[in-house]
Structure formats: structure tokens, C-alpha cells
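Trainee: Below is a structure I'd like to ask you about.
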Amino acid sequence: MWNDLAGYLQDNWQDILVQLQDHLLISLCALVVACLIGIPLGYFASKSDKSERLLTVPFQMLRVVPSLAILVLLIPIMGTGVLPAVVALTILAVPPVLLNTIAGFRQVPDFMTECGRGIGLTERQVLWKVRVPLALPLIFAGVRTALVEVIASATLAAKIGAGGLGEIVFTGLGLNRADLLVIGGVLIALLSLGCGFLFDLMTGYVLRYKKAVA
Amino acid sequence: MRAIEYRSLTKHYKGSTLPSVDHVSATVDEGEFITILGSSGCGKTTLLKMTNRLIEPTEGQVVLFGEDISTVDEVVVRRRMGYVIQQVGLFPHMTIEDNIAVIPKVLKWDKERIDARVDELLEMVGLEPKEFRDRYPAQLSGGQQQRIGLARALVTDPKIMLLDEPFGAIDAITRLNLQNELKRLHDGTKKTFLFVTHDINEAFKLGNRVMIMNEGKLLQFDAPAEIVRNPADDFVNTLISSAREQEQFWKALEL
């Protein structure tokens with residue numbers, strides 16, 4: 001088994017690098033698009049109970065559909081390849097970003113925004129200098145959840161020809177080769193852990209005030 | 001010079017039977033230290049917030065230095081005044097320096113001017129600039145935080161300071177120190193202070209005149225000694241006798 005693993009890695013490291021790159025690229029694309037959709041939408045949804053329900057319900061429903069089903073359902077509409085994979089992963093990633101953005105803006109205390117206005121900030125300045133920074137910890141938590149989900153689910157993208165580390169896993173399944181399953185699984189897990197770690201470093205720096213205690 | 005004038009100022013929220021603030025008329029001269037005393041829900045905070053347009057009146061006007069503020073942009077009105085609240089409201093993600101400099105930065109003061117002003121204010125409120133400017137609010141005690149709250153309110157050297165129960169959440173000993181320092185700070189300037197409190201001792205100690213409010217109405221507005229000599233009605237009477245009762249209680253303990 002160990003020889004199989006080492007042998008495979010030695011013979012195929014160039015392919016693996018490409019698959020790693022594809023996996024990362026698909027995941028990050030989906031995550032960025034999900035943030036571009038989820039954060040502004042979450043901000044608007046947080047403005048009232050009605051808008052919150054209107055926006056969260058459809059995404060919650062979409063979430064119930066398994067990612068694999070979304071992928072397959074997208075084939076007749078978008079065909080195969082990278083684009084439908086990114087779309088499917090985006091659909092998967094929006095709910096945690098959206099819901100956490102809503103929660104983030106909701107938990108900003110009223111006295112904070114009022115205080116911002118009271119000392120003479122305009123509405124826009126209150127948004128960017130007070131409300132967004134105070135909502136940020138929860139928004140980041142949502143993005144992190146989405147990041148992990150997306151990297152795991154991007155494995156399925158190989159099913160519709162979008163590449164990624166899923167190719168190793170599905171090849172392993174097809175050929176009934178445990179060594180490929182292990183390599184694929186471990187690489188995906190490492191990628192997920194690594195990205196999570198880098199993300200935590202980044203947010204830890206942005207939110208460094210949280211570490212400051214008397 | 002007349003700093004503040006309330007003209008029949010009223011705030012009536014939809015759905016409530018009684019107005020929160022009921023036809024309050026009063027004038028305040030520049031340099032006065034006015035305390036507004038009343039129990040919770042009496043309209044004192046609403047009155048204060050109408051002074052910087054955080055709340056718009058249903059009726060009546062607020063006139064500051066001869067200018068009806070409903071004709072002035074609300075952000076401009078607020079930048080002419082300092083604003084301090086009980087919850088302090090320091091922004092947790094900004095250092096002390098950045099908290100004090102929020103408005104100067106928005107106004108694009110140059111860096112040297114901001115630095116000098118922050119140092120000056122930190123010294124004024126009794127905190128060593130070198131030690132405190134780079135800290136975050138969570139690293140300060142409640143009393144220290146409110147000192148920063150004061151410094152932030154004073155940063156543009158406003159003529160009017162609005163203080164909404166600033167020492168309400170601070171322990172008794174620290175509160176006493178802060179009261180004395182606030183009084184000293186006021187005496188050294190020509191600024192007009194409006195200070196909301198529900199603590200009768202605080203109100204009578206700090207204010208050169210006291211507004212007593214109940215159920216939205218301004219019951220009495222006079223110097224502390226005058227209020228004690230001639231309480232306007234039963235409510236004011238009860239208020240004073242309750243304070244006296246406290247005093248008796250302490251006397252009794254000493255015997």
C-alpha cells in the first residue's frame with residue numbers, strides 16, 4: 001500500500017498539482033461570487049424582518065437539495081465543465097455567508113449606531129466605520145463555513161468534468177483502488193485545513209482588537 | 001448669549017397615549033451647567049436627543065445660538081455638539097487614538113493637528129497619552145472608557161456638550177471623581193453643558209440650574225437652592241424628601 005501511494009505520487013505529481021490548482025480555483029471562484037452575492041444581500045435583508053424572510057427562505061430551500069443533485073440538474077442547462085461547477089458551489093456557499101451577514105448586522109447594538117450618528121457621522125460613515133466593522137466577525141465566520149463546505153464539495157465537480165482533486169477520488173472509485181481514494185481524500189482534507197488556517201490568519205489580523213485584553 | 005432655547009418642544013410617538021415630551025419651553029444661557037433630572041421614561045433623554053436631532057420633535061423648535069436647528073443639516077448640527085452616552089459607545093475595533101480622532105479624520109485634519117489634539121485631550125481627562133493612545137477600549141476600565149468618551153466629545157471644541165447619564169454605569173467612588181473633574185472641566189470653559197441623570201444628588205451637585213421632568217413635562221427649572229426652598233409641586237417635593245430620607249438613613253447609621 002505505502003509503495004503504491006509513493007509510486008503514484010512520484011509518477012503523477014504534475015497531474016496532482018494541476019488538479020490541486022483546479023480544485024482551489026473552482027472553490028475560490030465560488031466563494032468570491034458567494035461573498036459578492038451573500039454579503040450585500042445579507043446587508044439589505046438585515047434591514048427588516050420581512051426582507052430577511054424573503055431572502056433567507058429561498059436559499060435555505062436550495063440548501064436542502066444535495067450538491068450532487070444541483071450539479072447534475074445544471075448539466076441540461078449549462079452543460080459540463082468549470083462554469084456549472086462554480087455555479088453549483090456558489091449556490092451552496094451563499095446561505096452561510098448570507099445568514100451570518102444578517103446576524104452580524106443584526107447584533108450591532110442600537111446605541112452604537114446611534115452614538116455614531118450622535119457624534120456627527122453621516123449614515124454612510126456610520127455604515128463603514130461602525131456597522132460593517134462590528135458585523136465583520138460574524139461575516140467572517142460565515143465565509144469560513146462556506147470555505148470548508150465548498151472545498152469539500154468541489155470534489156464532486158470532477159463528476160461533470162470540471163477537474164480538481166475529485167478526479168483522483170472518482171478514478172479510485174471506478175478502478176476500486178484504495179490508494180487513490182486515500183491520496184484524494186487526504187489531499188482534499190489538507191487543502192481544506194490549509195485554507196482554513198490561512199483564512200484564520202487573515203481574519204485574526206483584521207480582528208486583532210479582539211485579542212487585546214487588559 | 002442665549003445658547004439653547006426650547007420652544008414648546010413636544011414629542012408624541014404614534015400609538016402612545018401621552019407625549020414623551022410635552023410642550024417644554026426653556027432657555028439656557030451660554031456657559032451654564034444644566035442637569036435634567038427625572039425617573040426613567042420621563043422624557044429627559046428624548047429632550048436631549050431632540051437637541052441634536054437624533055429625534056425629531058412632533059411640535060415646537062430647538063433654537064441654538066439663535067438658529068432653529070430644523071433648518072440646519074442634522075450632521076452639521078451634531079458636529080457642533082459633543083455627545084456622551086451611558087454605554088460610552090467607544091468603537092471596540094478602534095484604538096483610543098482612533099476613537100477620539102473619528103470626527104477629525106472625517107473632517108480631514110492633518111496628522112500633526114490630530115496627534116496634538118489627542119494628546120491634549122488625553123491629558124485633560126487625566127490619562128497618560130503615551131500609555132493609552134494605542135490601546136483598545138476593552139483594555140480600559142469603565143471609568144477610563146468614559147474619560148475617553150468625554151475626550152471624543154470634546155475633540156472639535158464644541159460650544160455645547162450633551163451628556164446622557166454618562167456616569168450611570170460607573171461605581172460610586174469613580175463616579176464621584178468623574179463628577180468633580182467634569183465640574184472643573186466645565187468651570188475652565190465657556191461651554192454649555194446639558195447633563196441628563198436620574199440621580200438627584202448628581203443633579204443638584206453639578207447643575208447651576210436643574211430641570212426636573214416628570215411624564216414629559218418640565219415641572220421646575222431653577223437653581224438647586226431655589227428648588228429646595230420652593231418646590232414647584234408635589235412631585236418635586238417628594239423627590240427632595242426622598243433625598244432627605246437617604247440623608248437620615250446615613251445619620252442614623254452614625255449614631
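To be explicit about the labels: the chains of the C-alpha cells are called A, B, and onward in the order shown, and within each one the residues are counted from 1, while ligands get numbers from 1 in the order they are shown.
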Output as a PyMOL selection string the set of chain A residues within 10 Å of chain B, with distances taken over only C-alpha atoms.
Mentor: chain A and resi 109+111-123+125+129-131+133-134+206-214
Trainee: Show me, as a short mmCIF file (atom, residue, chain, number, x, y, z; two decimals) with N, CA and C atoms, in the first residue's frame, the residues that have an atom within 12 Å of B:Thr174 when counting only C-alpha atoms, minus same-chain residues fewer than 5 positions from it.
Mentor:
```
data_model
loop_
_atom_site.label_atom_id
_atom_site.label_comp_id
_atom_site.auth_asym_id
_atom_site.auth_seq_id
_atom_site.Cartn_x
_atom_site.Cartn_y
_atom_site.Cartn_z
N SER B 141 -10.72 50.38 32.02
CA SER B 141 -11.80 50.22 32.99
C SER B 141 -12.99 51.09 32.55
N GLY B 142 -14.15 50.86 33.17
CA GLY B 142 -15.34 51.63 32.83
C GLY B 142 -15.13 53.13 32.97
N GLY B 143 -14.48 53.51 34.07
CA GLY B 143 -14.23 54.93 34.31
C GLY B 143 -13.30 55.52 33.27
N GLN B 144 -12.25 54.76 32.93
CA GLN B 144 -11.30 55.23 31.90
C GLN B 144 -11.99 55.35 30.54
N GLN B 145 -12.85 54.38 30.24
CA GLN B 145 -13.57 54.43 28.97
C GLN B 145 -14.42 55.69 28.87
N GLN B 146 -15.09 56.03 29.97
CA GLN B 146 -15.93 57.22 29.89
C GLN B 146 -15.09 58.49 29.80
N ARG B 147 -13.89 58.47 30.35
CA ARG B 147 -12.98 59.60 30.15
C ARG B 147 -12.68 59.77 28.65
N PHE B 167 -22.36 58.90 33.78
CA PHE B 167 -21.72 58.16 34.88
C PHE B 167 -22.67 57.12 35.48
N GLY B 168 -23.74 56.81 34.75
CA GLY B 168 -24.78 55.93 35.27
C GLY B 168 -24.32 54.51 35.55
N ALA B 169 -23.32 54.06 34.79
CA ALA B 169 -22.90 52.66 34.93
C ALA B 169 -21.54 52.55 35.62
N GLN B 179 -17.35 63.20 38.48
CA GLN B 179 -18.22 64.36 38.66
C GLN B 179 -17.39 65.60 38.96
N ASN B 180 -16.45 65.45 39.89
CA ASN B 180 -15.63 66.60 40.26
C ASN B 180 -14.80 67.10 39.09
N GLU B 181 -14.26 66.15 38.33
CA GLU B 181 -13.43 66.55 37.19
C GLU B 181 -14.26 67.20 36.10
#
```
Trainee: So the first atom is atom CA of A:Ala162 and the second is atom CA of A:Val182; what is the distance between them in Å, to one decimal place?
Mentor: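 Computed distance, atom CA of A:Ala162 to atom CA of A:Val182, equals 20.7 Å.
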Trainee: At what distance in Å, to one decimal, does atom CA of A:Ala135 lie from atom CA of A:Arg106?
Mentor: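 Between atom CA of A:Arg106 and atom CA of A:Ala135 the gap works out to 8.0 Å.
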Trainee: I'd like the neighbourhood of A:Asp200 as a ChimeraX atom specification, where a residue qualifies if any of its atoms comes within 10 Å (using only C-alpha atoms), though same-chain residues fewer than 5 positions away should be ignored.
Mentor: /A:140-141,144,194-195,205-206
Trainee: Rounded to one decimal place, report the atom CA of A:Ile188-atom CA of A:Val150 distance in Å.
Mentor: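 Answer for the atom CA of A:Ile188 to atom CA of A:Val150 separation: 11.0 Å.
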Trainee: Within 9 Å of stretch 18-22 of chain A, which residues of stretch 94-167 of chain A come that close, and what is the closest atom pair and distance in Å for each? Count only C-alpha atoms and give it as JSON lines.
Mentor:
```
{"residue": "A:Ala162", "atom": "CA", "partner": "A:Asp22", "partner_atom": "CA", "distance": 7.9}
{"residue": "A:Gly163", "atom": "CA", "partner": "A:Asp22", "partner_atom": "CA", "distance": 6.2}
{"residue": "A:Gly164", "atom": "CA", "partner": "A:Gln19", "partner_atom": "CA", "distance": 4.2}
{"residue": "A:Leu165", "atom": "CA", "partner": "A:Gln19", "partner_atom": "CA", "distance": 5.1}
{"residue": "A:Gly166", "atom": "CA", "partner": "A:Gln19", "partner_atom": "CA", "distance": 8.2}
{"residue": "A:Glu167", "atom": "CA", "partner": "A:Gln19", "partner_atom": "CA", "distance": 7.6}
```
Trainee: Give me a file of those residues, with C-alpha atoms, as a PDB file, in the first residue's frame.
Mentor:
```pdb
ATOM      1  CA  ALA A 162     -14.531  20.452 -14.098  1.00  0.00           C
ATOM      2  CA  GLY A 163     -11.350  18.788 -12.821  1.00  0.00           C
ATOM      3  CA  GLY A 164      -9.967  19.114  -9.339  1.00  0.00           C
ATOM      4  CA  LEU A 165      -8.847  16.588  -6.785  1.00  0.00           C
ATOM      5  CA  GLY A 166     -12.172  14.789  -7.187  1.00  0.00           C
ATOM      6  CA  GLU A 167     -10.693  13.225 -10.312  1.00  0.00           C
TER       7      GLU A 167
END
```
Trainee: Tell me, as a count of residues only, which residues lie within 9 Å of B:Gln61, counting only C-alpha atoms; anything in the same chain fewer than 5 positions away does not count.
Mentor: 9
Trainee: For the alpha helix (DSSP H) assignment from backbone DSSP, which residues of stretch 39-71 of chain B qualify? Please present them as a list in words.
Mentor: Lys44, Thr45, Thr46, Leu47, Leu48, Lys49, Met50 and Thr51 of chain B
Trainee: What's the 9 Å shell around A:Ser153, counting only C-alpha atoms, without same-chain residues fewer than 5 positions away, as an NGL selection string?
Mentor: :A and (27 or 67-68 or 89 or 92 or 148)
Trainee: Might you pull out every residue within 12 Å of B:His12, with only C-alpha atoms counted and same-chain residues fewer than 3 positions away left off, and present them as an MDAnalysis selection string?
Mentor: chainID B and resid 9 15:23 43 46:47 55:60 215:216
Trainee: Can I get the selected residues back with N, CA and C atoms, as a tab-separated table (two decimals), in the first residue's frame?
Mentor:
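New file part31.tsv:
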```tsv
chain	number	residue	atom	x	y	z
B	9	LEU	N	-41.50	72.51	22.93
B	9	LEU	CA	-40.99	71.30	22.30
B	9	LEU	C	-41.79	70.07	22.73
B	15	GLY	N	-49.19	55.94	18.62
B	15	GLY	CA	-49.62	54.76	19.36
B	15	GLY	C	-49.53	54.90	20.87
B	16	SER	N	-48.79	55.91	21.35
B	16	SER	CA	-48.78	56.09	22.80
B	16	SER	C	-49.76	57.20	23.16
B	17	THR	N	-50.42	57.03	24.30
B	17	THR	CA	-51.47	57.99	24.65
B	17	THR	C	-50.89	59.34	25.07
B	18	LEU	N	-49.82	59.27	25.89
B	18	LEU	CA	-49.24	60.52	26.38
B	18	LEU	C	-47.98	60.86	25.58
B	19	PRO	N	-47.74	62.17	25.38
B	19	PRO	CA	-46.48	62.54	24.70
B	19	PRO	C	-45.27	62.25	25.60
B	20	SER	N	-44.13	61.90	24.98
B	20	SER	CA	-42.92	61.64	25.75
B	20	SER	C	-42.36	62.94	26.30
B	21	VAL	N	-42.43	63.97	25.47
B	21	VAL	CA	-42.04	65.31	25.90
B	21	VAL	C	-43.20	66.23	25.57
B	22	ASP	N	-43.65	66.98	26.58
B	22	ASP	CA	-44.93	67.67	26.45
B	22	ASP	C	-44.74	69.19	26.57
B	23	HIS	N	-44.69	69.86	25.43
B	23	HIS	CA	-44.61	71.33	25.40
B	23	HIS	C	-43.61	71.89	26.39
B	43	GLY	N	-38.91	61.38	29.81
B	43	GLY	CA	-38.71	62.19	28.62
B	43	GLY	C	-37.40	62.96	28.60
B	46	THR	N	-35.23	61.86	25.67
B	46	THR	CA	-35.88	62.31	24.43
B	46	THR	C	-35.61	63.80	24.21
B	47	LEU	N	-35.71	64.57	25.30
B	47	LEU	CA	-35.45	66.01	25.21
B	47	LEU	C	-34.01	66.25	24.73
B	55	ILE	N	-33.63	62.72	17.52
B	55	ILE	CA	-35.07	62.54	17.48
B	55	ILE	C	-35.66	63.85	16.97
B	56	GLU	N	-36.60	63.73	16.04
B	56	GLU	CA	-37.25	64.93	15.51
B	56	GLU	C	-38.51	65.22	16.32
B	57	PRO	N	-38.70	66.47	16.74
B	57	PRO	CA	-39.89	66.79	17.52
B	57	PRO	C	-41.18	66.70	16.67
B	58	THR	N	-42.29	66.40	17.34
B	58	THR	CA	-43.58	66.43	16.67
B	58	THR	C	-44.04	67.88	16.52
B	59	GLU	N	-43.61	68.71	17.48
B	59	GLU	CA	-44.09	70.08	17.55
B	59	GLU	C	-43.02	70.91	18.24
B	60	GLY	N	-42.97	72.19	17.93
B	60	GLY	CA	-42.05	73.08	18.62
B	60	GLY	C	-40.68	73.12	17.97
B	215	GLU	N	-43.26	62.69	33.47
B	215	GLU	CA	-44.27	62.39	32.44
B	215	GLU	C	-44.23	63.39	31.29
B	216	GLY	N	-43.03	63.72	30.85
B	216	GLY	CA	-42.88	64.56	29.68
B	216	GLY	C	-42.94	66.05	29.95
```
Trainee: If we count only C-alpha atoms, what is near stretch 29-35 of chain A at a cut-off of 9 Å, once residues fewer than 5 positions away on the same chain are taken out, given as JSON, numbers by chain?
Mentor: {"A": [24, 40, 85, 86, 87, 88, 89, 90, 91, 92, 93, 94, 95, 97, 98, 143, 146, 147, 150]}
